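run_37.txt, holding compact mmCIF, C-alpha atoms and all ligand atoms:
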# COMPACT_ATOMS: atom_id res chain seq x y z
CA ASP A 1 -21.89 1.71 -0.31
CA ARG A 2 -18.12 1.51 -0.48
CA LYS A 3 -16.49 -1.69 -1.78
CA THR A 4 -13.70 -3.08 0.42
CA ARG A 5 -10.62 -4.06 -1.56
CA ILE A 6 -7.84 -6.40 -0.47
CA ALA A 7 -4.31 -5.53 -1.61
CA PRO A 8 -1.88 -8.31 -0.67
CA SER A 9 1.66 -7.05 -0.05
CA ILE A 10 4.25 -9.10 -1.92
CA LEU A 11 6.74 -8.16 0.81
CA SER A 12 5.62 -11.43 2.42
CA ALA A 13 5.80 -13.43 -0.85
CA ASP A 14 8.63 -15.73 -1.97
CA PHE A 15 11.21 -13.25 -3.34
CA ALA A 16 12.56 -15.88 -5.77
CA ASN A 17 9.10 -16.38 -7.33
CA PHE A 18 7.34 -13.03 -7.61
CA GLY A 19 5.64 -13.78 -10.94
CA ALA A 20 4.02 -16.98 -9.68
CA GLU A 21 3.09 -15.38 -6.35
CA ILE A 22 1.41 -12.38 -8.04
CA ARG A 23 -0.56 -14.64 -10.40
CA ALA A 24 -1.64 -16.85 -7.50
CA ILE A 25 -2.99 -14.03 -5.31
CA GLU A 26 -4.86 -12.47 -8.24
CA GLU A 27 -6.38 -15.80 -9.31
CA GLN A 28 -7.52 -16.25 -5.73
CA GLY A 29 -9.24 -12.94 -5.20
CA ALA A 30 -6.75 -10.10 -4.66
CA ASP A 31 -8.23 -6.78 -5.84
CA TRP A 32 -4.89 -4.93 -6.08
CA VAL A 33 -1.23 -5.93 -5.74
CA HIS A 34 0.71 -3.87 -3.15
CA VAL A 35 4.42 -3.40 -3.85
CA ASP A 36 6.59 -2.15 -0.94
CA VAL A 37 9.65 -0.21 -2.08
CA MET A 38 12.20 0.44 0.71
CA ASP A 39 15.51 2.25 0.45
CA GLY A 40 17.41 1.44 3.67
CA HIS A 41 17.32 5.18 4.50
CA PHE A 42 13.72 6.33 4.98
CA VAL A 43 13.08 2.91 6.56
CA PRO A 44 15.59 0.45 8.01
CA ASN A 45 15.11 -2.18 5.30
CA LEU A 46 15.81 -2.54 1.59
CA THR A 47 13.60 -4.28 -0.99
CA PHE A 48 13.66 -3.50 -4.70
CA GLY A 49 13.61 -0.64 -7.18
CA PRO A 50 12.26 0.32 -10.62
CA PRO A 51 13.76 -2.58 -12.66
CA ALA A 52 12.15 -5.18 -10.38
CA VAL A 53 8.83 -3.33 -10.34
CA LYS A 54 8.93 -3.23 -14.14
CA ALA A 55 9.47 -7.01 -14.16
CA PHE A 56 6.36 -7.48 -11.95
CA ARG A 57 4.17 -5.44 -14.31
CA PRO A 58 3.26 -8.12 -16.89
CA HIS A 59 2.12 -10.45 -14.10
CA VAL A 60 -0.24 -7.88 -12.55
CA LYS A 61 -3.64 -7.89 -14.29
CA THR A 62 -5.41 -5.77 -11.66
CA VAL A 63 -3.88 -2.64 -10.14
CA MET A 64 -0.22 -2.26 -9.22
CA ASP A 65 -0.20 -0.19 -6.03
CA VAL A 66 3.38 0.94 -5.36
CA HIS A 67 4.18 2.18 -1.84
CA LEU A 68 7.41 4.16 -1.75
CA MET A 69 9.19 4.12 1.60
CA ILE A 70 12.05 6.14 0.18
CA ALA A 71 13.49 9.66 0.45
CA PRO A 72 13.86 11.59 -1.71
CA VAL A 73 10.95 10.61 -3.98
CA ASP A 74 10.95 13.14 -6.83
CA PRO A 75 14.03 11.87 -8.73
CA TYR A 76 12.37 8.43 -9.10
CA ILE A 77 8.81 9.36 -10.13
CA ASP A 78 9.41 8.95 -13.86
CA ALA A 79 11.15 5.60 -13.33
CA TYR A 80 8.07 4.24 -11.53
CA ALA A 81 5.80 5.58 -14.27
CA GLN A 82 7.98 3.76 -16.83
CA ALA A 83 7.88 0.65 -14.65
CA GLY A 84 4.09 0.68 -14.96
CA ALA A 85 2.85 1.69 -11.49
CA ASP A 86 -0.88 2.49 -11.50
CA ILE A 87 -0.83 4.14 -8.07
CA LEU A 88 2.30 5.70 -6.62
CA THR A 89 2.24 6.52 -2.90
CA ALA A 90 4.79 8.76 -1.20
CA HIS A 91 5.11 9.46 2.51
CA VAL A 92 4.23 12.91 3.83
CA GLU A 93 7.33 12.56 6.05
CA ALA A 94 9.68 11.90 3.10
CA GLY A 95 10.52 15.51 2.37
CA PRO A 96 9.47 19.15 2.59
CA HIS A 97 7.61 19.27 -0.74
CA ILE A 98 4.95 16.56 -0.70
CA HIS A 99 2.52 18.93 -2.47
CA ARG A 100 4.91 19.16 -5.44
CA THR A 101 5.51 15.40 -5.31
CA LEU A 102 1.79 14.60 -5.60
CA GLN A 103 1.44 17.01 -8.54
CA ALA A 104 4.41 15.34 -10.24
CA ILE A 105 2.98 11.84 -9.74
CA ARG A 106 -0.26 12.84 -11.44
CA ALA A 107 1.60 14.70 -14.18
CA ALA A 108 3.49 11.46 -14.88
CA GLY A 109 0.13 9.75 -15.51
CA MET A 110 -0.32 7.80 -12.24
CA LYS A 111 -2.80 8.03 -9.39
CA ALA A 112 -1.23 9.74 -6.42
CA GLY A 113 -1.18 8.39 -2.87
CA VAL A 114 0.03 9.97 0.33
CA ALA A 115 1.02 7.84 3.34
CA LEU A 116 1.09 8.78 7.03
CA ASN A 117 3.29 7.10 9.63
CA PRO A 118 1.58 6.25 12.93
CA GLY A 119 3.14 9.31 14.64
CA THR A 120 1.87 11.74 12.00
CA PRO A 121 -1.51 13.42 12.57
CA ALA A 122 -4.36 13.43 10.03
CA GLU A 123 -3.98 17.21 9.72
CA ALA A 124 -0.72 16.67 7.80
CA VAL A 125 -2.78 15.89 4.67
CA ALA A 126 -5.47 18.57 5.15
CA HIS A 127 -4.15 20.66 2.25
CA LEU A 128 -3.42 17.68 -0.01
CA LEU A 129 -6.83 16.06 -0.38
CA ASP A 130 -7.54 17.55 -3.82
CA LEU A 131 -4.17 16.28 -5.08
CA ALA A 132 -4.47 12.73 -3.77
CA ASP A 133 -6.42 9.70 -4.98
CA LEU A 134 -5.52 7.67 -1.90
CA VAL A 135 -4.47 8.27 1.71
CA CYS A 136 -2.53 5.38 3.24
CA VAL A 137 -2.79 5.15 7.02
CA MET A 138 0.12 3.13 8.39
CA THR A 139 -0.87 0.90 11.29
CA VAL A 140 2.74 -0.19 11.88
CA ASN A 141 5.99 1.76 11.70
CA PRO A 142 7.02 0.95 8.14
CA GLY A 143 9.98 -1.25 7.30
CA PHE A 144 8.93 -4.83 7.93
CA GLY A 145 6.06 -7.23 7.40
CA GLY A 146 4.56 -9.21 10.25
CA GLN A 147 4.47 -6.45 12.89
CA SER A 148 1.55 -5.99 15.24
CA PHE A 149 -1.30 -3.63 14.47
CA ILE A 150 -1.27 -0.14 16.01
CA ASP A 151 -4.81 1.19 16.49
CA MET A 152 -5.30 4.20 14.19
CA THR A 153 -9.09 4.00 13.98
CA GLY A 154 -9.45 7.53 15.37
CA LYS A 155 -7.21 8.87 12.59
CA ILE A 156 -9.15 6.91 9.93
CA ARG A 157 -12.47 8.36 11.16
CA GLN A 158 -11.01 11.84 11.15
CA LEU A 159 -9.68 11.41 7.59
CA ARG A 160 -13.01 10.05 6.33
CA ALA A 161 -14.69 13.22 7.64
CA MET A 162 -11.99 15.47 6.14
CA ILE A 163 -12.26 13.73 2.73
CA GLY A 164 -16.05 14.25 2.59
CA ASP A 165 -17.36 13.33 -0.85
CA ARG A 166 -14.03 13.51 -2.68
CA PRO A 167 -13.17 10.27 -4.53
CA VAL A 168 -10.22 9.45 -2.25
CA HIS A 169 -9.49 5.92 -1.02
CA ILE A 170 -8.42 5.29 2.57
CA GLU A 171 -5.93 2.45 2.59
CA VAL A 172 -4.71 0.81 5.79
CA ASP A 173 -1.28 -0.83 5.84
CA GLY A 174 0.26 -2.96 8.58
CA GLY A 175 -0.93 -5.75 10.83
CA VAL A 176 -4.22 -6.21 8.98
CA ASP A 177 -5.68 -9.67 9.66
CA PRO A 178 -9.15 -11.18 10.18
CA LYS A 179 -9.30 -9.63 13.67
CA THR A 180 -8.19 -6.06 12.86
CA ALA A 181 -9.77 -5.72 9.38
CA PRO A 182 -13.36 -5.16 10.62
CA LEU A 183 -12.16 -2.38 12.95
CA VAL A 184 -10.58 -0.35 10.15
CA VAL A 185 -13.43 -0.96 7.70
CA GLN A 186 -15.87 0.19 10.37
CA ALA A 187 -13.78 3.36 10.83
CA GLY A 188 -13.95 4.14 7.09
CA ALA A 189 -11.07 2.34 5.33
CA ASP A 190 -11.82 0.82 1.92
CA VAL A 191 -8.45 -0.67 0.84
CA LEU A 192 -6.78 -3.22 3.14
CA VAL A 193 -3.13 -4.09 2.60
CA ALA A 194 -2.21 -7.46 4.07
CA GLY A 195 1.14 -9.21 3.79
CA SER A 196 1.71 -11.91 6.35
CA ALA A 197 -2.02 -12.62 6.78
CA VAL A 198 -2.34 -13.48 3.06
CA PHE A 199 0.91 -15.39 2.50
CA ARG A 200 0.84 -17.20 5.85
CA GLY A 201 0.76 -20.97 5.45
CA GLY A 202 1.21 -20.93 1.67
CA SER A 203 4.06 -21.42 -0.78
CA VAL A 204 4.60 -21.36 -4.54
CA ALA A 205 4.09 -25.12 -4.55
CA GLN A 206 0.96 -24.80 -2.40
CA PRO A 207 -0.67 -21.43 -3.17
CA ARG A 208 -4.31 -22.53 -2.68
CA VAL A 209 -4.33 -21.26 0.88
CA TYR A 210 -3.99 -17.63 -0.30
CA GLY A 211 -7.63 -17.49 -1.40
CA ASP A 212 -8.80 -18.78 1.98
CA ASN A 213 -6.61 -16.21 3.74
CA ILE A 214 -7.96 -13.38 1.54
CA ARG A 215 -11.56 -14.38 2.18
CA ALA A 216 -10.90 -14.58 5.91
CA ILE A 217 -9.93 -10.90 5.90
C1 LIG A 301 5.23 -2.16 6.08
C2 LIG A 301 4.72 -2.34 4.66
C3 LIG A 301 3.50 -3.15 4.63
C4 LIG A 301 3.72 -4.55 5.14
C5 LIG A 301 2.45 -5.17 5.58
O1 LIG A 301 6.43 -1.50 6.07
O2 LIG A 301 4.45 -1.08 4.08
O3 LIG A 301 2.89 -3.15 3.36
O4 LIG A 301 4.33 -5.39 4.20
O5 LIG A 301 2.73 -6.45 6.07
P1 LIG A 301 1.85 -7.09 7.22
O6 LIG A 301 0.47 -7.25 6.68
O7 LIG A 301 2.52 -8.40 7.48
O8 LIG A 301 1.91 -6.16 8.40
ZN ZN A 302 3.06 -0.99 2.23

Let me see the structure of the file written as structure tokens.
Ligand code: DX5
Ligand code: ZN
Amino acid sequence: DRKTRIAPSILSADFANFGAEIRAIEEQGADWVHVDVMDGHFVPNLTFGPPAVKAFRPHVKTVMDVHLMIAPVDPYIDAYAQAGADILTAHVEAGPHIHRTLQAIRAAGMKAGVALNPGTPAEAVAHLLDLADLVCVMTVNPGFGGQSFIDMTGKIRQLRAMIGDRPVHIEVDGGVDPKTAPLVVQAGADVLVAGSAVFRGGSVAQPRVYGDNIRAI
């Protein structure tokens, strides 16, 4: 029986109070902390880079799950290892050498993740499953929080079959809320990223709602 983990995305947190926001979601039941890195090039939005991620590290007691929406990836792998990422996920669409990228992430001492945009078929990771600890199925086109869920349950089922008994997580990212979460878990996902659904209705002054939101997913 596979445990379902909730990984709140701090993309929907208060950007002036990341430390307090991270501590609040963990105290209230987050299994992992999902960190969305965007470069204004691979995706049309810009968030933060290695120095900020390094500053988050002491506040994260669980697992820091860093999702790179950047291209290229390889020149920054060591910087994210230094910053303390536990899992580093790169997009299969980010360059021609994802196989090399996943090897380099593991060689730098992190778990390796590979993410698929909604338009990318499951087959794109067929030759990567022994190099990856996690496959991230995007259920929105990456770049922004709060977008509506795109149904990728067919792709999740296909990936679960391809993975077989390898110890590879299937993470789902985008538009996950109490309505869509059961669909992706049913299809075989075991890590649910949720940004707006977790931070909705809360604030640094009033973080108690985060636990209720996490349990609702
Ligand atoms: C999308 C990011 C997601 C996003 C999820 O570009 O990779 O992690 O923040 O946010 P919600 O849950 O609001 O769709
Ligand atoms: Zn993400």

- Would you mind listing the residues within 9 Å of ligand ZN 302 (chain A), counting only C-alpha atoms and all ligand atoms, as a PyMOL selection string? chain A and resi 9+11+34-37+65-69+136+138+142-143+145+172-174+193-195

- Query: Distance CA of Arg160 (chain A)-CA of Val135 (chain A), one decimal place?
  - Reply: 9.9 Å

- Query: Between CA of His41 (chain A) and CA of Thr153 (chain A), what is the distance, to one decimal in Å?
  - Reply: 28.1 Å

- Item | Counting only C-alpha atoms, the option among A:Ala108, A:Ala13, A:Met64, A:Ala181 closest to Gly201 (chain A) |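 Ranked by minimum distance to Gly201 (chain A), first place goes to A:Ala13.
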
- Extract, using all atoms listed in the file, all DNA, RNA and protein residues at most 12 Å from Pro121 (chain A), discarding same-chain residues fewer than 3 positions from it, and format them as a PyMOL selection string. chain A and resi 92-93+115-118+124-126+137-138+152+154-156+158-159

C-alpha atoms of the current selection, written as a CSV table (one decimal), in the frame of the given file:
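Written out: again33.csv:
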chain,number,residue,atom,x,y,z
A,92,VAL,CA,4.2,12.9,3.8
A,93,GLU,CA,7.3,12.6,6.0
A,115,ALA,CA,1.0,7.8,3.3
A,116,LEU,CA,1.1,8.8,7.0
A,117,ASN,CA,3.3,7.1,9.6
A,118,PRO,CA,1.6,6.2,12.9
A,124,ALA,CA,-0.7,16.7,7.8
A,125,VAL,CA,-2.8,15.9,4.7
A,126,ALA,CA,-5.5,18.6,5.2
A,137,VAL,CA,-2.8,5.2,7.0
A,138,MET,CA,0.1,3.1,8.4
A,152,MET,CA,-5.3,4.2,14.2
A,154,GLY,CA,-9.4,7.5,15.4
A,155,LYS,CA,-7.2,8.9,12.6
A,156,ILE,CA,-9.2,6.9,9.9
A,158,GLN,CA,-11.0,11.8,11.2
A,159,LEU,CA,-9.7,11.4,7.6

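Distances from A:Arg5, A:Lys61, A:His91, A:Arg100 to ligand LIG 301 (chain A) were compared using only C-alpha atoms and all ligand atoms, and the smallest one belongs to A:His91.
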
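Minimum atom-to-atom distances from A:Thr101, A:Asn17, A:Thr139, A:Gln206 to ligand LIG 301 (chain A) were compared using all atoms listed in the file, and the lowest value belongs to A:Thr139.
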
- Message: Using only C-alpha atoms, which protein or nucleic acid residues come within 9 Å of Lys54 (chain A)? Drop anything in the same chain fewer than 3 positions from it, and give the result as a PyMOL selection string.
- Response: chain A and resi 49-51+57-58+80+82-85

- Task: Using CA of Leu131 (chain A) and CA of Pro8 (chain A) as the two end points, give the distance in Å to one decimal.
- Result: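 Computed distance, CA of Leu131 (chain A) to CA of Pro8 (chain A), equals 25.1 Å.
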
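Of the residues under consideration (A:Val198, A:Phe18, A:Asp212, A:Ala122), A:Val198 shows the shortest atom-to-atom contact distance to Ile6 (chain A) when counting only C-alpha atoms.
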
- Query: Which residues come within 7 Å of Ala197 (chain A), counting only C-alpha atoms, excluding same-chain residues fewer than 3 positions away, as a PyMOL selection string?
  - Reply: chain A and resi 177+194+200+213

- Item | Exercise: Asp190 (chain A) partners within 8 Å, only C-alpha atoms, chain neighbours under 4 positions left out, as a PyMOL selection string | chain A and resi 2-5+169-171+185

Selected residues written out with C-alpha atoms, as a PDB file, in the coordinates of the input:
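Final file, out-v9.pdb:
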ATOM      1  CA  ARG A   2     -18.120   1.510  -0.480  1.00  0.00           C
ATOM      2  CA  LYS A   3     -16.490  -1.690  -1.780  1.00  0.00           C
ATOM      3  CA  THR A   4     -13.700  -3.080   0.420  1.00  0.00           C
ATOM      4  CA  ARG A   5     -10.620  -4.060  -1.560  1.00  0.00           C
ATOM      5  CA  HIS A 169      -9.490   5.920  -1.020  1.00  0.00           C
ATOM      6  CA  ILE A 170      -8.420   5.290   2.570  1.00  0.00           C
ATOM      7  CA  GLU A 171      -5.930   2.450   2.590  1.00  0.00           C
ATOM      8  CA  VAL A 185     -13.430  -0.960   7.700  1.00  0.00           C
TER       9      VAL A 185
END

- Task: Would you mind telling me which residue in A:Ala24, A:Ala81, A:Val204, A:Ile70 lies nearest to ligand LIG 301 (chain A) when using only C-alpha atoms and all ligand atoms?
- Result: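 Closest residue, counting only C-alpha atoms and all ligand atoms: A:Ile70.
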